[in-house]
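S.K.: Here you go, input_10.csv (CSV, C-alpha atoms):
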```csv
chain,number,residue,atom,x,y,z
A,1,MET,CA,33.9,-22.2,59.5
A,2,HIS,CA,32.0,-24.6,61.7
A,3,ASN,CA,30.9,-28.0,60.6
A,4,VAL,CA,27.1,-28.4,60.9
A,5,GLY,CA,27.0,-30.6,57.8
A,6,SER,CA,23.8,-29.0,56.5
A,7,LYS,CA,22.7,-27.9,53.1
A,8,GLU,CA,22.9,-24.3,54.3
A,9,GLN,CA,26.5,-24.8,55.4
A,10,LEU,CA,27.4,-26.2,52.0
A,11,ILE,CA,25.9,-23.2,50.2
A,12,LEU,CA,27.9,-20.9,52.6
A,13,VAL,CA,31.1,-22.8,51.9
A,14,LYS,CA,30.5,-22.7,48.1
A,15,GLU,CA,29.9,-18.9,48.2
A,16,SER,CA,33.0,-18.4,50.4
A,17,ALA,CA,35.2,-20.4,48.0
A,18,ARG,CA,33.8,-18.8,44.9
A,19,ASN,CA,34.3,-15.3,46.3
A,20,PHE,CA,37.9,-16.1,47.3
A,21,ALA,CA,38.7,-17.6,43.9
A,22,ASN,CA,37.3,-14.6,42.0
A,23,THR,CA,38.9,-12.0,44.3
A,24,TYR,CA,42.3,-13.4,45.0
A,25,ILE,CA,43.1,-15.9,42.2
A,26,LYS,CA,41.3,-14.9,39.0
A,27,PRO,CA,43.2,-11.6,38.4
A,28,HIS,CA,46.6,-13.3,38.6
A,29,VAL,CA,46.0,-16.7,36.9
A,30,MET,CA,47.8,-16.1,33.6
A,31,LYS,CA,50.7,-14.2,35.2
A,32,TRP,CA,51.4,-17.1,37.6
A,33,ASP,CA,51.0,-19.6,34.8
A,34,GLU,CA,53.4,-17.8,32.4
A,35,SER,CA,56.1,-17.2,35.1
A,36,GLN,CA,55.5,-20.6,36.8
A,37,THR,CA,55.2,-18.7,40.1
A,38,PHE,CA,54.0,-20.6,43.2
A,39,PRO,CA,52.3,-17.8,45.0
A,40,ILE,CA,53.2,-18.5,48.7
A,41,GLU,CA,51.3,-15.4,49.9
A,42,LEU,CA,48.1,-16.6,48.3
A,43,PHE,CA,48.4,-19.9,50.3
A,44,LYS,CA,48.9,-18.0,53.5
A,45,ASN,CA,45.7,-16.1,52.7
A,46,LEU,CA,44.0,-19.5,51.8
A,47,GLY,CA,45.1,-20.6,55.3
A,48,ASP,CA,43.6,-17.5,56.9
A,49,HIS,CA,40.3,-18.3,55.2
A,50,GLY,CA,40.3,-21.9,56.4
A,51,PHE,CA,41.0,-23.6,53.1
A,52,MET,CA,44.3,-25.3,54.0
A,53,GLY,CA,43.0,-27.3,56.9
A,54,ILE,CA,39.6,-28.2,55.5
A,55,LEU,CA,39.3,-31.7,57.0
A,56,VAL,CA,41.3,-30.9,60.2
A,57,PRO,CA,39.2,-30.8,63.3
A,58,GLU,CA,38.9,-27.4,65.1
A,59,GLU,CA,40.8,-28.6,68.1
A,60,TYR,CA,43.9,-28.8,65.9
A,61,GLY,CA,43.3,-25.4,64.3
A,62,GLY,CA,41.4,-26.6,61.2
A,63,SER,CA,38.0,-25.9,59.7
A,64,GLY,CA,36.5,-29.2,60.7
A,65,LEU,CA,34.6,-29.6,57.5
A,66,ASN,CA,33.5,-32.8,55.8
A,67,TYR,CA,34.2,-34.3,52.4
A,68,GLN,CA,31.2,-32.8,50.7
A,69,GLU,CA,32.4,-29.3,51.7
A,70,TYR,CA,35.9,-30.2,50.6
A,71,ILE,CA,34.7,-31.3,47.2
A,72,THR,CA,32.8,-28.0,46.8
A,73,ILE,CA,35.8,-25.9,47.8
A,74,LEU,CA,38.1,-27.7,45.3
A,75,ASP,CA,35.5,-27.5,42.6
A,76,GLU,CA,35.1,-23.7,43.0
A,77,ILE,CA,38.9,-23.0,43.2
A,78,SER,CA,39.8,-25.3,40.3
A,79,LYS,CA,37.1,-23.7,38.1
A,80,VAL,CA,39.2,-20.6,38.3
A,81,CYS,CA,42.7,-22.1,38.4
A,82,GLY,CA,43.6,-25.8,38.3
A,83,SER,CA,47.1,-25.1,39.6
A,84,ILE,CA,45.9,-23.5,42.8
A,85,GLY,CA,43.3,-26.3,43.1
A,86,LEU,CA,46.0,-28.9,42.7
A,87,SER,CA,48.2,-27.4,45.4
A,88,VAL,CA,45.2,-27.0,47.8
A,89,ALA,CA,44.3,-30.7,47.2
A,90,ALA,CA,47.9,-31.9,47.7
A,91,HIS,CA,48.4,-29.9,50.9
A,92,ASN,CA,45.1,-31.0,52.4
A,93,SER,CA,44.6,-34.6,51.3
A,94,LEU,CA,48.2,-35.8,51.3
A,95,CYS,CA,50.6,-34.3,53.8
A,96,THR,CA,48.1,-32.8,56.3
A,97,ASN,CA,45.7,-35.8,56.0
A,98,HIS,CA,48.5,-38.3,56.5
A,99,ILE,CA,49.4,-36.7,59.8
A,100,LEU,CA,45.7,-36.3,60.8
A,101,SER,CA,44.9,-40.0,59.9
A,102,PHE,CA,47.9,-41.9,61.2
A,103,ALA,CA,50.2,-39.7,63.4
A,104,ASN,CA,50.2,-39.8,67.2
A,105,GLU,CA,48.7,-37.1,69.4
A,106,GLU,CA,52.0,-35.3,70.0
A,107,GLN,CA,52.8,-35.2,66.3
A,108,LYS,CA,49.3,-34.0,65.5
A,109,ARG,CA,49.5,-31.1,68.0
A,110,ARG,CA,53.0,-30.2,66.7
A,111,TYR,CA,52.2,-30.1,62.9
A,112,LEU,CA,48.5,-29.8,62.2
A,113,PRO,CA,47.9,-26.2,63.6
A,114,LYS,CA,50.7,-24.9,61.4
A,115,LEU,CA,49.6,-26.8,58.3
A,116,ALA,CA,45.9,-25.9,58.8
A,117,LYS,CA,46.8,-22.2,58.8
A,118,ALA,CA,49.4,-22.6,56.0
A,119,GLU,CA,52.1,-21.2,58.3
A,120,TRP,CA,53.8,-24.4,57.0
A,121,ILE,CA,53.2,-25.7,53.5
A,122,GLY,CA,53.1,-29.5,53.2
A,123,ALA,CA,54.6,-31.9,50.8
A,124,TRP,CA,54.2,-35.7,50.4
A,125,GLY,CA,56.9,-38.0,49.1
A,126,LEU,CA,56.1,-41.3,47.5
A,127,THR,CA,57.1,-41.2,43.8
A,128,GLU,CA,60.7,-41.7,42.8
A,129,PRO,CA,62.6,-41.4,39.5
A,130,GLY,CA,62.4,-45.2,39.1
A,131,SER,CA,59.1,-45.9,40.8
A,132,GLY,CA,55.7,-44.3,40.1
A,133,SER,CA,52.8,-46.7,39.8
A,134,ASP,CA,55.0,-49.4,41.3
A,135,ALA,CA,55.5,-47.7,44.7
A,136,GLY,CA,56.6,-50.9,46.3
A,137,GLY,CA,59.7,-50.8,44.1
A,138,MET,CA,61.1,-47.6,45.8
A,139,ASN,CA,64.8,-47.2,46.4
A,140,THR,CA,64.8,-44.6,49.2
A,141,THR,CA,65.9,-46.4,52.4
A,142,ALA,CA,65.6,-45.6,56.1
A,143,VAL,CA,68.2,-47.6,58.1
A,144,GLN,CA,67.8,-47.6,61.9
A,145,ASP,CA,70.7,-46.4,64.0
A,146,GLY,CA,69.9,-46.3,67.7
A,147,ASP,CA,67.2,-43.7,68.3
A,148,TYR,CA,67.6,-42.4,64.7
A,149,PHE,CA,66.8,-43.5,61.1
A,150,ILE,CA,69.3,-42.6,58.3
A,151,LEU,CA,67.5,-41.7,55.1
A,152,ASN,CA,69.1,-42.0,51.7
A,153,GLY,CA,67.5,-41.6,48.2
A,154,ASP,CA,65.4,-39.1,46.3
A,155,LYS,CA,61.8,-38.4,45.4
A,156,THR,CA,60.5,-36.8,42.3
A,157,PHE,CA,57.2,-35.2,41.0
A,158,ILE,CA,56.7,-33.8,44.5
A,159,THR,CA,54.2,-31.0,44.9
A,160,HIS,CA,55.7,-28.2,47.0
A,161,ALA,CA,59.1,-29.9,47.1
A,162,ILE,CA,61.0,-26.6,47.3
A,163,SER,CA,58.6,-24.3,49.2
A,164,GLY,CA,57.3,-27.0,51.5
A,165,ASP,CA,58.2,-26.6,55.2
A,166,VAL,CA,57.3,-30.2,56.2
A,167,ALA,CA,57.1,-33.4,54.1
A,168,VAL,CA,55.7,-36.8,54.9
A,169,VAL,CA,58.1,-39.2,53.2
A,170,MET,CA,57.9,-42.9,52.5
A,171,ALA,CA,61.1,-44.9,52.7
A,172,ARG,CA,62.0,-48.6,52.6
A,173,THR,CA,62.7,-50.1,56.0
A,174,GLY,CA,62.5,-53.7,54.7
A,175,GLU,CA,62.8,-55.7,51.5
A,176,LYS,CA,61.8,-54.4,48.1
A,177,GLY,CA,58.3,-55.4,47.1
A,178,ASP,CA,57.3,-56.2,50.7
A,179,LYS,CA,54.1,-54.4,51.7
A,180,LYS,CA,55.3,-54.3,55.3
A,181,GLY,CA,58.8,-53.0,54.1
A,182,ILE,CA,57.9,-49.3,53.9
A,183,SER,CA,57.6,-46.7,56.7
A,184,ALA,CA,56.4,-43.1,56.8
A,185,PHE,CA,58.4,-40.2,58.3
A,186,ILE,CA,57.8,-36.5,59.0
A,187,VAL,CA,60.8,-34.6,57.7
A,188,GLU,CA,61.2,-30.8,58.3
A,189,LYS,CA,63.0,-28.3,56.0
A,190,GLY,CA,66.4,-27.6,57.4
A,191,MET,CA,67.2,-31.1,58.7
A,192,GLU,CA,70.8,-31.9,57.8
A,193,GLY,CA,71.1,-34.1,54.7
A,194,PHE,CA,67.6,-33.0,53.4
A,195,THR,CA,67.6,-30.8,50.4
A,196,ALA,CA,65.1,-30.0,47.6
A,197,GLY,CA,65.4,-28.7,44.0
A,198,ALA,CA,65.1,-29.4,40.3
A,199,LYS,CA,61.9,-27.5,39.9
A,200,MET,CA,60.1,-29.0,36.9
A,201,ASP,CA,59.1,-27.0,33.8
A,202,LYS,CA,55.6,-28.3,33.1
A,203,LEU,CA,53.0,-28.4,30.3
A,204,GLY,CA,50.2,-27.3,32.7
A,205,MET,CA,49.5,-26.8,36.4
A,206,ARG,CA,52.4,-24.4,36.1
A,207,ALA,CA,51.7,-22.3,39.2
A,208,SER,CA,51.7,-25.5,41.4
A,209,GLU,CA,55.3,-26.2,42.3
A,210,THR,CA,56.7,-29.6,41.4
A,211,GLY,CA,60.2,-30.7,42.2
A,212,SER,CA,62.5,-33.3,43.8
A,213,LEU,CA,63.5,-34.1,47.4
A,214,PHE,CA,67.0,-35.4,48.1
A,215,PHE,CA,68.2,-37.4,51.2
A,216,ASP,CA,71.9,-37.8,51.9
A,217,ASN,CA,72.5,-39.5,55.2
A,218,CYS,CA,69.6,-37.5,56.6
A,219,ARG,CA,69.2,-38.3,60.3
A,220,ILE,CA,65.7,-38.5,61.6
A,221,HIS,CA,64.7,-39.1,65.2
A,222,LYS,CA,62.4,-42.1,65.7
A,223,ASP,CA,59.8,-39.6,67.1
A,224,GLN,CA,59.3,-38.6,63.4
A,225,LEU,CA,58.1,-42.1,62.4
A,226,ILE,CA,54.3,-42.1,61.7
A,227,GLY,CA,52.7,-45.2,63.3
A,228,GLU,CA,54.8,-48.4,63.4
A,229,ILE,CA,57.8,-49.5,61.3
A,230,GLY,CA,56.4,-51.1,58.2
A,231,ASP,CA,53.0,-49.2,58.3
A,232,GLY,CA,53.9,-46.7,55.6
A,233,PHE,CA,52.7,-48.5,52.5
A,234,VAL,CA,49.3,-49.4,53.9
A,235,GLN,CA,48.9,-45.8,55.2
A,236,ALA,CA,49.8,-44.4,51.7
A,237,LEU,CA,47.2,-46.7,50.0
A,238,LYS,CA,44.4,-45.7,52.4
A,239,LEU,CA,45.3,-42.1,52.0
A,240,LEU,CA,45.2,-42.4,48.2
A,241,ASP,CA,41.7,-43.8,48.4
A,242,GLY,CA,40.6,-40.5,49.8
A,243,GLY,CA,43.1,-38.5,47.8
A,244,ARG,CA,41.4,-39.7,44.6
A,245,ILE,CA,38.3,-37.9,45.6
A,246,SER,CA,40.2,-34.6,45.8
A,247,ILE,CA,41.8,-35.1,42.3
A,248,ALA,CA,38.3,-36.0,41.0
A,249,ALA,CA,37.0,-32.7,42.5
A,250,LEU,CA,39.9,-30.8,40.9
A,251,SER,CA,39.0,-32.5,37.6
A,252,LEU,CA,35.4,-31.5,38.0
A,253,GLY,CA,36.3,-27.8,38.6
A,254,ILE,CA,38.6,-27.7,35.5
A,255,ALA,CA,35.9,-29.4,33.3
A,256,ARG,CA,33.3,-26.9,34.6
A,257,GLY,CA,35.5,-23.9,33.9
A,258,ALA,CA,36.2,-25.1,30.4
A,259,TYR,CA,32.5,-25.9,29.7
A,260,GLU,CA,31.3,-22.5,31.0
A,261,CYS,CA,33.9,-20.8,28.8
A,262,ALA,CA,32.7,-22.7,25.8
A,263,LEU,CA,29.0,-22.2,26.6
A,264,LYS,CA,29.4,-18.4,26.9
A,265,TYR,CA,31.4,-18.2,23.7
A,266,ALA,CA,28.9,-20.4,21.7
A,267,ASN,CA,26.1,-18.1,22.9
A,268,GLU,CA,27.9,-15.0,21.7
A,269,ARG,CA,29.8,-16.0,18.6
A,270,GLU,CA,27.9,-15.7,15.3
A,271,GLN,CA,28.6,-17.4,11.9
A,272,PHE,CA,26.2,-17.3,8.9
A,273,GLN,CA,24.0,-14.9,10.9
A,274,THR,CA,23.4,-17.6,13.6
A,275,LYS,CA,24.8,-18.0,17.1
A,276,ILE,CA,27.0,-21.1,16.8
A,277,PHE,CA,25.3,-22.6,19.9
A,278,ASP,CA,22.3,-23.1,17.5
A,279,PHE,CA,24.2,-25.3,15.2
A,280,GLN,CA,23.3,-28.8,16.2
A,281,ALA,CA,27.0,-30.0,16.2
A,282,VAL,CA,27.9,-27.4,18.8
A,283,GLY,CA,24.7,-27.6,20.8
A,284,PHE,CA,24.9,-31.4,21.0
A,285,ASN,CA,28.6,-31.2,21.9
A,286,LEU,CA,27.8,-28.9,24.8
A,287,ALA,CA,24.9,-31.2,25.9
A,288,ASP,CA,27.4,-34.1,26.1
A,289,MET,CA,29.8,-32.0,28.1
A,290,ALA,CA,27.1,-30.9,30.6
A,291,THR,CA,25.9,-34.5,31.0
A,292,LYS,CA,29.4,-35.9,31.7
A,293,ILE,CA,30.1,-33.1,34.2
A,294,ASN,CA,26.9,-33.9,36.0
A,295,ALA,CA,27.8,-37.6,36.0
A,296,SER,CA,31.2,-36.8,37.3
A,297,GLU,CA,29.8,-34.8,40.2
A,298,LEU,CA,27.4,-37.5,41.2
A,299,LEU,CA,30.2,-40.1,41.3
A,300,ILE,CA,32.4,-37.7,43.4
A,301,ARG,CA,29.5,-36.9,45.8
A,302,GLN,CA,28.8,-40.6,46.2
A,303,ALA,CA,32.4,-41.3,47.1
A,304,GLY,CA,32.4,-38.2,49.5
A,305,ASP,CA,29.3,-39.5,51.2
A,306,LEU,CA,30.9,-42.9,51.8
A,307,LYS,CA,34.0,-41.2,53.2
A,308,ASP,CA,32.0,-38.9,55.5
A,309,ASN,CA,30.3,-42.0,56.9
A,310,GLY,CA,33.6,-43.8,57.5
A,311,LEU,CA,32.9,-46.5,54.9
A,312,LYS,CA,35.3,-48.1,52.4
A,313,VAL,CA,35.7,-45.9,49.3
A,314,THR,CA,38.4,-47.8,47.3
A,315,LYS,CA,36.2,-48.6,44.3
A,316,GLU,CA,34.0,-45.5,44.3
A,317,GLY,CA,37.0,-43.2,44.8
A,318,ALA,CA,38.8,-44.8,41.8
A,319,MET,CA,35.6,-44.6,39.7
A,320,ALA,CA,35.1,-41.0,40.5
A,321,LYS,CA,38.8,-40.1,39.8
A,322,LEU,CA,38.9,-42.1,36.5
A,323,PHE,CA,35.6,-40.7,35.1
A,324,ALA,CA,36.1,-37.1,36.3
A,325,SER,CA,39.7,-36.8,35.1
A,326,GLU,CA,38.9,-38.3,31.7
A,327,THR,CA,35.9,-36.0,31.4
A,328,ALA,CA,38.1,-33.0,32.2
A,329,VAL,CA,40.5,-33.9,29.3
A,330,GLU,CA,37.6,-34.5,27.0
A,331,VAL,CA,35.6,-31.3,27.9
A,332,SER,CA,38.6,-29.0,27.8
A,333,ASN,CA,39.6,-30.5,24.4
A,334,GLU,CA,36.1,-29.8,23.1
A,335,ALA,CA,36.1,-26.3,24.6
A,336,VAL,CA,39.2,-25.4,22.6
A,337,GLN,CA,37.5,-26.8,19.5
A,338,ILE,CA,34.3,-24.8,20.0
A,339,LEU,CA,36.3,-21.6,20.4
A,340,GLY,CA,38.2,-22.4,17.2
A,341,GLY,CA,41.2,-20.1,16.6
A,342,TYR,CA,40.5,-18.2,19.8
A,343,GLY,CA,40.7,-21.4,21.7
A,344,PHE,CA,44.3,-21.7,20.7
A,345,THR,CA,45.2,-18.2,22.0
A,346,LYS,CA,46.1,-17.1,25.5
A,347,ASP,CA,43.3,-14.4,25.3
A,348,PHE,CA,40.7,-17.0,26.4
A,349,PRO,CA,41.0,-19.5,29.3
A,350,ALA,CA,40.2,-22.6,27.2
A,351,GLU,CA,43.8,-23.3,26.4
A,352,LYS,CA,44.8,-23.3,30.0
A,353,TYR,CA,42.1,-25.7,31.1
A,354,PHE,CA,43.2,-27.9,28.2
A,355,ARG,CA,46.8,-27.9,29.5
A,356,ASP,CA,45.9,-28.3,33.2
A,357,ALA,CA,43.4,-31.1,32.7
A,358,LYS,CA,45.9,-33.7,31.5
A,359,LEU,CA,47.6,-34.0,34.9
A,360,CYS,CA,44.4,-35.2,36.5
A,361,THR,CA,44.6,-38.5,34.5
A,362,ILE,CA,48.2,-39.0,35.7
A,363,GLY,CA,48.6,-37.8,39.3
A,364,GLU,CA,47.6,-39.9,42.4
A,365,GLY,CA,47.3,-43.0,40.2
A,366,THR,CA,47.0,-43.0,36.4
A,367,SER,CA,43.8,-43.9,34.6
A,368,SER,CA,45.3,-47.4,34.1
A,369,ILE,CA,45.9,-47.8,37.8
A,370,GLN,CA,42.3,-46.6,38.5
A,371,ARG,CA,41.0,-49.3,36.1
A,372,MET,CA,43.2,-51.9,37.8
A,373,VAL,CA,41.8,-50.9,41.3
A,374,ILE,CA,38.2,-51.0,40.0
A,375,ALA,CA,38.7,-54.3,38.3
A,376,ARG,CA,40.2,-55.8,41.5
A,377,GLU,CA,37.3,-54.5,43.5
A,378,ILE,CA,34.5,-55.7,41.1
A,379,LYS,CA,36.2,-59.1,40.9
A,380,LYS,CA,35.3,-59.6,44.5
A,381,ASP,CA,31.6,-59.4,43.6
A,382,VAL,CA,31.8,-62.7,41.6
A,383,GLN,CA,33.7,-64.7,44.1
```
Let me see the structure of the file written as C-alpha cells.
M.R.:
Amino acid sequence: MHNVGSKEQLILVKESARNFANTYIKPHVMKWDESQTFPIELFKNLGDHGFMGILVPEEYGGSGLNYQEYITILDEISKVCGSIGLSVAAHNSLCTNHILSFANEEQKRRYLPKLAKAEWIGAWGLTEPGSGSDAGGMNTTAVQDGDYFILNGDKTFITHAISGDVAVVMARTGEKGDKKGISAFIVEKGMEGFTAGAKMDKLGMRASETGSLFFDNCRIHKDQLIGEIGDGFVQALKLLDGGRISIAALSLGIARGAYECALKYANEREQFQTKIFDFQAVGFNLADMATKINASELLIRQAGDLKDNGLKVTKEGAMAKLFASETAVEVSNEAVQILGGYGFTKDFPAEKYFRDAKLCTIGEGTSSIQRMVIAREIKKDVQ
C-alpha cells in the first residue's frame, strides 16, 4: 500500500479491507467468540496485508497510510468482527503509535518494522486495578538505579497482555497526581520480573485478548525510556486524542454491521402478510439508525481530517468517540429488537454486535470522560 491520499486510494483500501474481513475473519467469528480464542495467525496475516502498521511510514516497514484510510480499515473489519477490530485498533493506535510518535530514532528502527508486520504483537499499559479514568493515581513505580529503572506494580484490562511481545508501559517516576511524575517505557516479553496472565472472561469482544501485566523488580535499561523522564502522562494524553478516533471507527463498524443485519431481516421477514420493514415503527427505527450512523461517520471523518493535517483533535476526537460509541450501543440494541426472538439467538449476528458494542463506551475513556473533555474544551470558547 502506498499513500497517495486520493479518493481512488481510499476506495482501494476499502475493498482490500472488506475482502480480507470477508475471506479470513467472517467464517471464524463465532468460533473465536465462543472459545475466546485470540487468533495469532490471523494477526500475522493482517500484518502481511499491511493492516498492523497502517500509520507507520514505509521507511519503518509500515503502510504509510493516513487517518482517513485507517478509519476505513477499522470500519470494514469491525463490521465483520468487533473483537478483531478492537485488537487492530489497540495494536496500531496505542503501542505502535506511541513508539512512532515519541520514541527516538534507534527505538523506532528497532521496534516499528516488527510491529508493522505483526512479527511482534503490541500491548499498551496505562490502566491499573485501582486507577482507570484517574490515570494520575497509578501505583506502578519505576525507581532509577544507575543505568536502570526498577519497575514494580501491575496493570489490568490490557489488550494483548499475554500474547503481546512488546508493551509500552506507564509508570510513576515522581509523586502521585503530578502530571510530570509519570514516564513511559518499552518492555519486552521475557525480561526478568515481567510476567502476564489473568486472562479476563468478557461479555463481548471475546476474541480480543484482555489480561494483566505484572512487574516484580523488573530491571529496564534507561535506553527503554521513551522521551524524557516525566513525559509519559503527556504522551499518553496526546496518544488517546488520536486513539479515540480509532475507537470511534470501531464503533462505526459495529453499528453498521448491526444495522445491515437488521435492515436485511426487516426486508425479508413477513408478519400479517407484510414485510416488517413496511410497518412504520420498524421503518422509522431503521431510518433513525441510518441517520445516526451517517452522523457518526461525519464526526469521525472530521476528526481524521484534523489529525491528517496535524491539527489539534482533542474536542473533535472526544465528540466522535462519544457519539459513535453511544450510537453503536443504541443501534445494536435496536437490531436485536427488530430481529425479535431470532435477535436473541446465536444463529444471527445481532446478539454479538450487541455484546461487543458496550466496550466502545468504556475503553480509551468512558463516555463520562469524553463529556468531561468536551466540556473542558468548549469552556475555552467563552473565556
S.K.: Which is closest to Val234 (chain A) among A:Ile182, A:Ile162, A:Ala89, A:Leu126, if we use all atoms listed in the file?
M.R.: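 Looking only at the distances to Val234 (chain A), the closest residue turns out to be A:Ile182.
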S.K.: Near His221 (chain A), within 8 Å and counting only C-alpha atoms, which residues show up once chain neighbours fewer than 4 positions away are dropped, as an NGL selection string?
M.R.: :A and (147-149 or 225)
S.K.: How would the residues just chosen look if you wrote them out with C-alpha atoms as an mmCIF file, in the frame of the given file?
M.R.:
```cif
data_model
loop_
_atom_site.group_PDB
_atom_site.id
_atom_site.type_symbol
_atom_site.label_atom_id
_atom_site.label_comp_id
_atom_site.auth_asym_id
_atom_site.auth_seq_id
_atom_site.Cartn_x
_atom_site.Cartn_y
_atom_site.Cartn_z
ATOM 1 C CA ASP A 147 67.200 -43.700 68.300
ATOM 2 C CA TYR A 148 67.600 -42.400 64.700
ATOM 3 C CA PHE A 149 66.800 -43.500 61.100
ATOM 4 C CA LEU A 225 58.100 -42.100 62.400
#
```
S.K.: Using only C-alpha atoms, which of A:Gly193, A:Gly82, A:Gly211, A:Gly283 sits nearest Ile25 (chain A)?
M.R.: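 With only C-alpha atoms as the atom set, the closest residue is A:Gly82.
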S.K.: Rounded to one decimal place, report the CA of Ala116 (chain A)-CA of Lys189 (chain A) distance in Å.
M.R.: 17.5 Å
S.K.: Identify, on the basis of all atoms listed in the file, every residue whose closest approach to region 48-60 of chain A does not exceed 9 Å; exclude the query and any residue fewer than 6 positions from it along the same chain; express the result as a list in words.
M.R.: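 Returned residues: Met1, His2, Ser16, Ala17, Phe20, Asn66, Tyr67, Glu69, Tyr70, Ile73, Val88, Ala89, His91, Asn92, Ser93, Thr96, Asn97, Leu100, Lys108, Arg109, Tyr111, Leu112, Pro113, Leu115, Ala116, Lys117, Ala118 and Ile121 of chain A.
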S.K.: Quick one: distance from CA of Gln68 (chain A) to CA of Leu237 (chain A) in Å, one decimal?
M.R.: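 Going from CA of Gln68 (chain A) over to CA of Leu237 (chain A) covers 21.2 Å.
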S.K.: Taking only residues of region 34-87 of chain A that have an atom at most 12 Å from an atom of region 324-335 of chain A, what is each one's shortest atom pair and its distance in Å to one decimal, using only C-alpha atoms, in chain and number order, as CSV?
M.R.:
```
residue,atom,partner,partner_atom,distance
A:Asp75,CA,A:Ala324,CA,11.5
A:Ser78,CA,A:Ala328,CA,11.3
A:Lys79,CA,A:Ala328,CA,11.1
A:Gly82,CA,A:Ala328,CA,10.9
```
S.K.: For those residues, write C-alpha atoms to a file as a tab-separated table (two decimals), in the coordinates of the input.
M.R.:
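Printed below is result13.tsv as written:
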```tsv
chain	number	residue	atom	x	y	z
A	75	ASP	CA	35.50	-27.50	42.60
A	78	SER	CA	39.80	-25.30	40.30
A	79	LYS	CA	37.10	-23.70	38.10
A	82	GLY	CA	43.60	-25.80	38.30
```
S.K.: So how far away is CA of Glu364 (chain A) from CA of Ala287 (chain A), in Å?
M.R.: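 Value for the CA of Ala287 (chain A)-CA of Glu364 (chain A) distance: 29.4 Å.
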